[in-house]
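Have a look at query.cif; it's mmCIF, C-alpha atoms:
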data_query
#
loop_
_atom_site.label_atom_id
_atom_site.label_comp_id
_atom_site.auth_asym_id
_atom_site.auth_seq_id
_atom_site.Cartn_x
_atom_site.Cartn_y
_atom_site.Cartn_z
CA MET A 1490 14.68 5.97 -15.24
CA GLN A 1491 15.83 2.40 -14.88
CA PRO A 1492 13.47 -0.56 -14.30
CA LEU A 1493 12.08 -0.51 -10.77
CA ARG A 1494 12.24 -3.84 -8.91
CA LEU A 1495 9.58 -4.52 -6.27
CA THR A 1496 9.64 -7.42 -3.81
CA LEU A 1497 6.04 -8.34 -2.94
CA VAL A 1498 5.63 -10.18 0.38
CA GLN A 1499 2.33 -12.07 0.58
CA ALA A 1500 2.22 -13.78 3.96
CA ASP A 1501 0.08 -15.20 6.77
CA THR A 1502 0.35 -12.50 9.45
CA ARG A 1503 0.26 -13.85 13.01
CA TRP A 1504 -2.66 -12.49 15.06
CA HIS A 1505 -1.76 -9.85 17.65
CA ASP A 1506 1.82 -11.08 17.93
CA ALA A 1507 4.21 -8.36 16.80
CA ALA A 1508 7.34 -10.17 18.00
CA SER A 1509 6.46 -13.32 16.04
CA ASN A 1510 5.61 -11.27 12.97
CA ARG A 1511 8.92 -9.43 13.08
CA ALA A 1512 10.75 -12.78 13.14
CA TYR A 1513 8.43 -14.31 10.52
CA TYR A 1514 8.72 -11.50 7.96
CA ARG A 1515 12.48 -11.27 8.43
CA GLU A 1516 12.79 -14.99 7.73
CA LEU A 1517 10.66 -14.67 4.58
CA LEU A 1518 12.96 -11.97 3.26
CA HIS A 1519 16.10 -13.95 4.13
CA ARG A 1520 14.69 -17.05 2.44
CA HIS A 1521 13.77 -15.14 -0.72
CA GLY A 1522 17.20 -13.63 -1.16
CA GLU A 1523 16.51 -11.66 -4.34
CA ILE A 1524 15.46 -8.30 -2.90
CA GLY A 1525 14.44 -5.44 -5.19
CA ASP A 1526 14.55 -1.66 -4.76
CA LEU A 1527 11.32 -1.69 -2.73
CA VAL A 1528 9.99 -4.31 -0.31
CA VAL A 1529 6.20 -4.20 0.05
CA LEU A 1530 4.56 -5.74 3.14
CA PRO A 1531 0.80 -6.03 3.81
CA GLU A 1532 -1.40 -3.67 5.80
CA MET A 1533 -0.96 -4.00 9.61
CA PHE A 1534 1.70 -6.65 9.04
CA LEU A 1535 2.67 -6.81 12.72
CA THR A 1536 -0.85 -7.39 14.11
CA GLY A 1537 -3.36 -8.36 11.45
CA PHE A 1538 -6.31 -6.03 10.77
CA THR A 1539 -7.48 -5.06 14.24
CA ASN A 1540 -9.59 -2.51 16.06
CA GLU A 1541 -7.98 -3.33 19.41
CA THR A 1542 -5.87 -0.20 19.43
CA ASP A 1543 -5.55 -0.04 23.22
CA SER A 1544 -3.43 -3.19 23.24
CA GLN A 1545 -1.95 -3.22 19.73
CA ALA A 1546 -1.00 0.38 18.90
CA GLU A 1547 2.61 1.43 19.34
CA PRO A 1548 4.31 4.84 19.24
CA LEU A 1549 5.81 5.98 15.96
CA GLU A 1550 9.36 5.64 17.28
CA GLY A 1551 8.64 2.12 18.48
CA PRO A 1552 9.74 -1.46 17.70
CA GLY A 1553 7.86 -1.55 14.38
CA LEU A 1554 9.72 1.39 12.88
CA GLU A 1555 12.98 0.12 14.41
CA TRP A 1556 12.42 -3.25 12.71
CA MET A 1557 11.65 -1.62 9.35
CA ARG A 1558 14.80 0.49 9.59
CA ALA A 1559 16.86 -2.62 10.29
CA ARG A 1560 15.36 -4.50 7.34
CA ALA A 1561 15.80 -1.51 5.00
CA ALA A 1562 19.48 -1.27 5.93
CA GLU A 1563 19.95 -5.04 5.74
CA CYS A 1564 18.27 -5.33 2.32
CA ASP A 1565 19.61 -1.99 1.02
CA ALA A 1566 16.05 -1.26 -0.12
CA VAL A 1567 13.06 0.84 0.86
CA VAL A 1568 10.64 -1.13 3.06
CA THR A 1569 6.96 -0.20 3.24
CA GLY A 1570 3.83 -1.50 4.96
CA SER A 1571 1.32 -0.20 7.51
CA LEU A 1572 1.31 -0.35 11.32
CA VAL A 1573 -1.12 0.51 14.11
CA ILE A 1574 0.38 3.75 15.43
CA ARG A 1575 -0.70 5.84 18.41
CA ARG A 1576 -0.17 9.53 17.80
CA GLU A 1577 1.07 11.92 20.48
CA ASP A 1578 -2.50 13.23 20.86
CA GLY A 1579 -3.65 9.74 21.88
CA GLN A 1580 -5.51 8.92 18.66
CA SER A 1581 -4.57 5.84 16.65
CA VAL A 1582 -3.94 5.75 12.90
CA ASN A 1583 -3.45 3.04 10.32
CA ARG A 1584 -0.10 4.42 9.14
CA LEU A 1585 1.89 3.37 6.10
CA LEU A 1586 5.62 3.91 6.64
CA TRP A 1587 8.09 4.30 3.79
CA VAL A 1588 11.47 3.52 5.35
CA ARG A 1589 14.76 4.09 3.52
CA PRO A 1590 18.08 2.28 4.04
CA ASP A 1591 19.54 5.38 5.74
CA GLY A 1592 16.78 5.24 8.39
CA SER A 1593 14.81 8.25 7.15
CA PHE A 1594 11.14 7.71 6.42
CA ALA A 1595 7.92 9.17 5.04
CA GLN A 1596 4.40 8.38 6.23
CA TYR A 1597 0.81 8.24 5.04
CA ASP A 1598 -2.26 7.74 7.24
CA LYS A 1599 -5.08 5.71 5.68
CA ARG A 1600 -7.73 8.13 4.44
CA HIS A 1601 -10.72 5.80 3.99
CA LEU A 1602 -11.59 3.84 7.12
CA PHE A 1603 -13.54 0.63 6.64
CA ARG A 1604 -16.81 1.38 8.42
CA MET A 1605 -18.27 -2.08 7.76
CA ALA A 1606 -15.73 -3.37 10.30
CA GLY A 1607 -15.96 -0.30 12.54
CA GLU A 1608 -12.47 0.98 11.70
CA HIS A 1609 -13.75 4.58 11.68
CA HIS A 1610 -14.64 4.27 15.39
CA HIS A 1611 -11.08 3.37 16.41
CA TYR A 1612 -8.81 5.28 14.04
CA ALA A 1613 -8.37 8.86 12.84
CA ALA A 1614 -8.51 9.37 9.07
CA GLY A 1615 -5.57 10.74 7.12
CA ALA A 1616 -5.94 14.01 5.26
CA SER A 1617 -3.02 14.18 2.81
CA PRO A 1618 -1.84 11.83 0.04
CA LEU A 1619 1.84 10.99 -0.28
CA THR A 1620 3.79 10.97 -3.53
CA ILE A 1621 7.40 9.94 -3.13
CA GLU A 1622 10.31 9.42 -5.49
CA LEU A 1623 12.41 6.28 -5.74
CA HIS A 1624 15.17 5.97 -8.34
CA GLY A 1625 13.43 8.48 -10.59
CA TRP A 1626 10.01 6.84 -10.24
CA ARG A 1627 7.15 8.62 -8.49
CA VAL A 1628 5.12 6.30 -6.24
CA ARG A 1629 1.71 6.93 -4.60
CA PRO A 1630 1.30 4.48 -1.66
CA LEU A 1631 -2.21 3.91 -0.26
CA VAL A 1632 -3.91 1.47 2.10
CA CYS A 1633 -6.55 -1.22 1.43
CA TYR A 1634 -10.05 0.41 1.42
CA ASP A 1635 -8.57 3.45 -0.37
CA LEU A 1636 -8.69 1.24 -3.47
CA ARG A 1637 -12.47 1.70 -3.71
CA PHE A 1638 -12.22 5.50 -4.06
CA PRO A 1639 -10.97 6.53 -7.51
CA VAL A 1640 -10.94 10.28 -6.77
CA TRP A 1641 -8.42 9.82 -3.95
CA SER A 1642 -6.32 7.54 -6.16
CA ARG A 1643 -6.56 9.77 -9.22
CA ASN A 1644 -3.39 10.42 -11.20
CA ARG A 1645 -3.84 14.06 -12.10
CA ARG A 1646 -2.27 16.20 -14.77
CA CYS A 1647 0.95 17.73 -13.51
CA ALA A 1648 2.56 20.48 -15.59
CA GLY A 1649 6.23 19.85 -16.27
CA ALA A 1650 6.22 16.32 -14.86
CA ARG A 1651 7.69 13.49 -16.87
CA GLY A 1652 4.81 11.84 -18.67
CA GLY A 1653 2.51 14.70 -17.63
CA MET A 1654 1.13 13.03 -14.50
CA ASP A 1655 1.54 13.04 -10.70
CA TYR A 1656 2.88 9.51 -10.29
CA ASP A 1657 4.08 6.41 -12.14
CA VAL A 1658 3.15 3.64 -9.67
CA LEU A 1659 0.02 3.31 -7.55
CA LEU A 1660 0.70 1.03 -4.59
CA TYR A 1661 -1.81 -0.54 -2.17
CA VAL A 1662 -0.98 -2.52 0.98
CA ALA A 1663 -3.99 -4.47 2.22
CA ASN A 1664 -5.82 -6.96 4.41
CA TRP A 1665 -8.57 -7.57 1.84
CA PRO A 1666 -10.87 -10.50 2.76
CA ALA A 1667 -11.40 -13.46 0.44
CA PRO A 1668 -15.20 -12.98 0.05
CA ARG A 1669 -14.48 -9.70 -1.78
CA ARG A 1670 -11.54 -10.93 -3.85
CA THR A 1671 -13.33 -10.21 -7.15
CA ALA A 1672 -13.58 -6.53 -6.20
CA TRP A 1673 -9.88 -6.46 -5.25
CA ARG A 1674 -8.72 -7.99 -8.52
CA THR A 1675 -11.07 -5.86 -10.63
CA LEU A 1676 -10.28 -2.55 -8.94
CA LEU A 1677 -6.52 -3.02 -9.17
CA ARG A 1678 -6.92 -3.29 -12.92
CA ALA A 1679 -9.32 -0.37 -13.11
CA ARG A 1680 -6.93 1.88 -11.16
CA ALA A 1681 -4.05 0.95 -13.50
CA ILE A 1682 -6.04 1.57 -16.68
CA GLU A 1683 -7.70 4.84 -15.68
CA ASN A 1684 -4.53 6.31 -14.18
CA LEU A 1685 -2.17 5.31 -17.01
CA GLY A 1686 0.32 3.84 -14.57
CA TYR A 1687 1.43 0.66 -12.91
CA CYS A 1688 -0.76 -0.55 -10.04
CA VAL A 1689 0.61 -2.89 -7.40
CA GLY A 1690 -1.41 -4.47 -4.59
CA VAL A 1691 0.00 -6.59 -1.74
CA ASN A 1692 -2.51 -8.53 0.36
CA ARG A 1693 -2.15 -11.17 3.08
CA VAL A 1694 -3.22 -14.82 3.17
CA GLY A 1695 -4.50 -17.11 5.91
CA THR A 1696 -7.22 -16.52 8.52
CA ASP A 1697 -7.04 -13.86 11.21
CA GLY A 1698 -8.13 -13.88 14.86
CA ASN A 1699 -11.65 -12.82 13.88
CA ASP A 1700 -11.95 -15.88 11.58
CA VAL A 1701 -11.77 -13.66 8.48
CA PRO A 1702 -10.12 -15.51 5.55
CA TYR A 1703 -7.75 -13.86 3.07
CA ALA A 1704 -7.01 -15.11 -0.44
CA GLY A 1705 -3.92 -13.05 -1.26
CA ASP A 1706 -4.22 -12.24 -4.98
CA SER A 1707 -1.33 -9.79 -4.68
CA ALA A 1708 -0.46 -8.52 -8.14
CA ALA A 1709 1.43 -6.05 -10.28
CA ILE A 1710 -0.66 -4.65 -13.15
CA ASP A 1711 0.64 -2.67 -16.13
CA PRO A 1712 -1.03 0.49 -17.55
CA LEU A 1713 -3.07 -1.59 -20.00
CA GLY A 1714 -4.55 -3.67 -17.18
CA GLU A 1715 -2.45 -6.73 -17.96
CA SER A 1716 -0.94 -8.71 -15.12
CA LEU A 1717 2.85 -8.80 -14.75
CA VAL A 1718 2.58 -11.18 -11.81
CA GLU A 1719 -0.21 -12.66 -9.66
CA LEU A 1720 0.58 -14.49 -6.44
CA GLY A 1721 -2.57 -16.56 -5.98
CA GLU A 1722 -3.59 -17.81 -2.52
CA GLN A 1723 -0.32 -19.13 -1.07
CA GLU A 1724 2.39 -17.58 1.06
CA LEU A 1725 4.81 -16.26 -1.53
CA VAL A 1726 7.55 -13.68 -2.00
CA VAL A 1727 8.16 -12.48 -5.56
CA THR A 1728 10.34 -9.80 -7.10
CA VAL A 1729 8.90 -8.10 -10.20
CA SER A 1730 10.40 -5.45 -12.48
CA LEU A 1731 8.48 -2.43 -13.80
CA ASP A 1732 9.59 -1.12 -17.20
CA PRO A 1733 9.71 2.69 -17.62
CA GLU A 1734 9.88 2.64 -21.40
CA SER A 1735 6.59 0.81 -21.87
CA LEU A 1736 4.94 3.17 -19.36
CA MET A 1737 6.08 6.34 -21.12
CA SER A 1738 5.37 5.04 -24.60
CA HIS A 1739 1.82 4.11 -23.58
CA ARG A 1740 1.21 7.61 -22.19
CA GLN A 1741 2.46 9.09 -25.44
CA ARG A 1742 0.35 6.81 -27.63
CA PHE A 1743 -2.77 7.16 -25.51
CA PRO A 1744 -2.66 10.53 -23.67
CA ALA A 1745 -6.08 10.31 -22.03
CA TRP A 1746 -4.66 12.30 -19.10
CA MET A 1747 -4.84 15.41 -21.29
CA ASP A 1748 -8.65 15.22 -21.30
CA ALA A 1749 -9.11 14.53 -17.59
CA ASP A 1750 -11.45 16.64 -15.44
CA THR A 1751 -10.02 18.96 -12.82
CA PHE A 1752 -11.32 18.90 -9.24
CA THR A 1753 -10.46 19.88 -5.68
CA LEU A 1754 -10.31 17.40 -2.80
CA GLY A 1755 -12.30 18.18 0.35
CA GLU A 1756 -11.69 17.19 3.95
CA PRO A 1757 -12.18 13.55 5.06
CA VAL A 1758 -15.57 12.82 6.59
CA GLY A 1759 -15.88 11.32 10.08
CA PRO A 1760 -18.37 8.68 11.33
CA ASP A 1761 -21.02 11.32 12.13
CA GLY A 1762 -20.66 13.20 8.86
CA ASP A 1763 -18.28 15.82 10.26
CA THR A 1764 -14.94 16.61 8.70
CA THR A 1765 -11.97 15.27 10.62
CA SER A 1766 -8.19 15.04 10.42
#
Translate the structure of the given file into structure tokens.
Amino acid sequence: MQPLRLTLVQADTRWHDAASNRAYYRELLHRHGEIGDLVVLPEMFLTGFTNETDSQAEPLEGPGLEWMRARAAECDAVVTGSLVIRREDGQSVNRLLWVRPDGSFAQYDKRHLFRMAGEHHHYAAGASPLTIELHGWRVRPLVCYDLRFPVWSRNRRCAGARGGMDYDVLLYVANWPAPRRTAWRTLLRARAIENLGYCVGVNRVGTDGNDVPYAGDSAAIDPLGESLVELGEQELVVTVSLDPESLMSHRQRFPAWMDADTFTLGEPVGPDGDTTS
């Protein structure tokens, strides 16, 4: 394992204007110049956090994925972030896409839907976590509200895996509002400490079309809960490097994962208490 370089893009997403957002985010990346192995964009970076799926959802093989493929090839890096996607069955999902420079991709549908904003009435919940390898690192990408659910984020014991655990980096893309910024900052640190891994969160800034303000606070946190970088409240693009040696040495010195409880995950629960996929 070599150090893993992440480019965190904290930006003011334009409301319901995918074309403007594609141009805006491309310009931010061009202006930054120093692109890492992985470019991380916020949740719903082409629309802002929206329940207007009838007008804002696009098919998987649509302009959003095409744009991500172009940026991945251009930057020679993986590009990730979430989009409003309409599935072939007509349901919409808040889907994180992990797009490689060769155009191939992986996907994860947000498991925990934010009922306080009615997200569970407009989107289908995901059922399966994604763990994906990048340059020898194992990354678990998740979306926003997932951060509040430690069982879903849990780094479990994995026989034969390097360091004994499922993943090395826990990654959240988000539209996390400013009034709850203390929870965001605290939970990022909690997830890093309890899971003995790096935790990275990328949030947006600005105010959306529903007059919801966002304070950013994107950050990369090490396994001890210490901040490697914090982006504050401004539009900012930063590249940060994660060190594999400090990660592995910490797991060896403090192998709390060996005493972790085992458990089995159930099906996601829908708005009426029924299981749903």
Might you spell out which residues the PyMOL selection byres ((chain A and resi 1523) around 12) would select in the displayed file, as a list of chain:residue names? A:Arg1494, A:Leu1495, A:Thr1496, A:Leu1497, A:Val1498, A:Leu1517, A:Leu1518, A:His1519, A:Arg1520, A:His1521, A:Gly1522, A:Ile1524, A:Gly1525, A:Asp1526, A:Leu1527, A:Val1528, A:Cys1564, A:Asp1565, A:Ala1566, A:Val1726, A:Val1727, A:Thr1728, A:Val1729, A:Ser1730
Quick one: residues within 6 Å of segment 1542-1548 of chain A, all atoms listed in the file counted, chain neighbours fewer than 5 positions away excluded, as an NGL selection string? :A and (1573-1575)
Against segment 1695-1713 of chain A, which residues of segment 1623-1670 of chain A fall within 10 Å? For each one I want the closest pair of atoms and the distance in Å (one decimal), counting all atoms listed in the file, rows by chain and increasing residue number, as a Markdown table.
| residue | atom | partner | partner_atom | distance |
| --- | --- | --- | --- | --- |
| A:Asp1657 | CA | A:Pro1712 | CA | 9.5 |
| A:Val1658 | CA | A:Asp1711 | CA | 9.4 |
| A:Leu1659 | CA | A:Ile1710 | CA | 9.8 |
| A:Leu1660 | CA | A:Ala1709 | CA | 9.1 |
| A:Tyr1661 | CA | A:Ser1707 | CA | 9.6 |
| A:Val1662 | CA | A:Ser1707 | CA | 9.2 |
| A:Ala1663 | CA | A:Ser1707 | CA | 9.1 |
| A:Asn1664 | CA | A:Tyr1703 | CA | 7.3 |
| A:Trp1665 | CA | A:Tyr1703 | CA | 6.5 |
| A:Pro1666 | CA | A:Tyr1703 | CA | 4.6 |
| A:Ala1667 | CA | A:Tyr1703 | CA | 4.5 |
| A:Pro1668 | CA | A:Pro1702 | CA | 7.9 |
| A:Arg1669 | CA | A:Tyr1703 | CA | 9.3 |
| A:Arg1670 | CA | A:Ala1704 | CA | 7.0 |
Neighbours of point (19.9, -1.9, 2.8) within 10 Å, using only C-alpha atoms, written as a list in words: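 The distance filter leaves exactly Ile1524, Asp1526, Arg1558, Ala1559, Arg1560, Ala1561, Ala1562, Glu1563, Cys1564, Asp1565, Ala1566, Val1567, Val1568, Arg1589, Pro1590, Asp1591 and Gly1592 of chain A.
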For each of A:Gln1723, A:Met1605, A:Arg1742, A:Thr1751, take the minimum atom-to-atom distance to Asp1501 of chain A, counting only C-alpha atoms, then give the residue where this is smallest.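 Of A:Gln1723, A:Met1605, A:Arg1742, A:Thr1751, the one nearest Asp1501 of chain A, counting only C-alpha atoms, is A:Gln1723.
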So the first atom is atom CA of Leu1572 of chain A and the second is atom CA of His1610 of chain A; what is the distance between them in Å, to one decimal place? 17.1 Å
In Å, how far is it from atom CA of Phe1638 of chain A to atom CA of Arg1503 of chain A?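 If I compute the distance from atom CA of Phe1638 of chain A to atom CA of Arg1503 of chain A, I get 28.7 Å.
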Can you tell me which residues surround Gln1596 of chain A at a distance of at most 7 Å, considering only C-alpha atoms, apart from same-chain residues fewer than 2 positions away, and format the answer as a list of chain:residue names? A:Arg1584, A:Leu1585, A:Leu1586, A:Trp1587, A:Phe1594, A:Asp1598
Would you work out the distance separating atom CA of Tyr1687 of chain A from atom CA of Pro1733 of chain A, expressed in Å to one decimal?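 Taking atom CA of Tyr1687 of chain A as the start and atom CA of Pro1733 of chain A as the end point, the length is 9.7 Å.
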Given the file shown, determine the residues that the PyMOL selection byres ((chain A and resi 1507) around 6) selects; report them as a ChimeraX atom specification. /A:1506,1508-1510,1535-1536
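Summary of the local environment: counting all atoms listed in the file, residues at most 10 Å from Arg1651 of chain A, other than itself and those fewer than 3 positions away along its chain, are Gly1625, Trp1626, Arg1627, Cys1647, Ala1648, Met1654, Asp1655, Tyr1656, Asp1657 and Met1737 of chain A.
When only C-alpha atoms are used to compute distances to Leu1676 of chain A, the closest of the residues A:Leu1717, A:Met1490, A:Val1694, A:Cys1633 turns out to be A:Cys1633.
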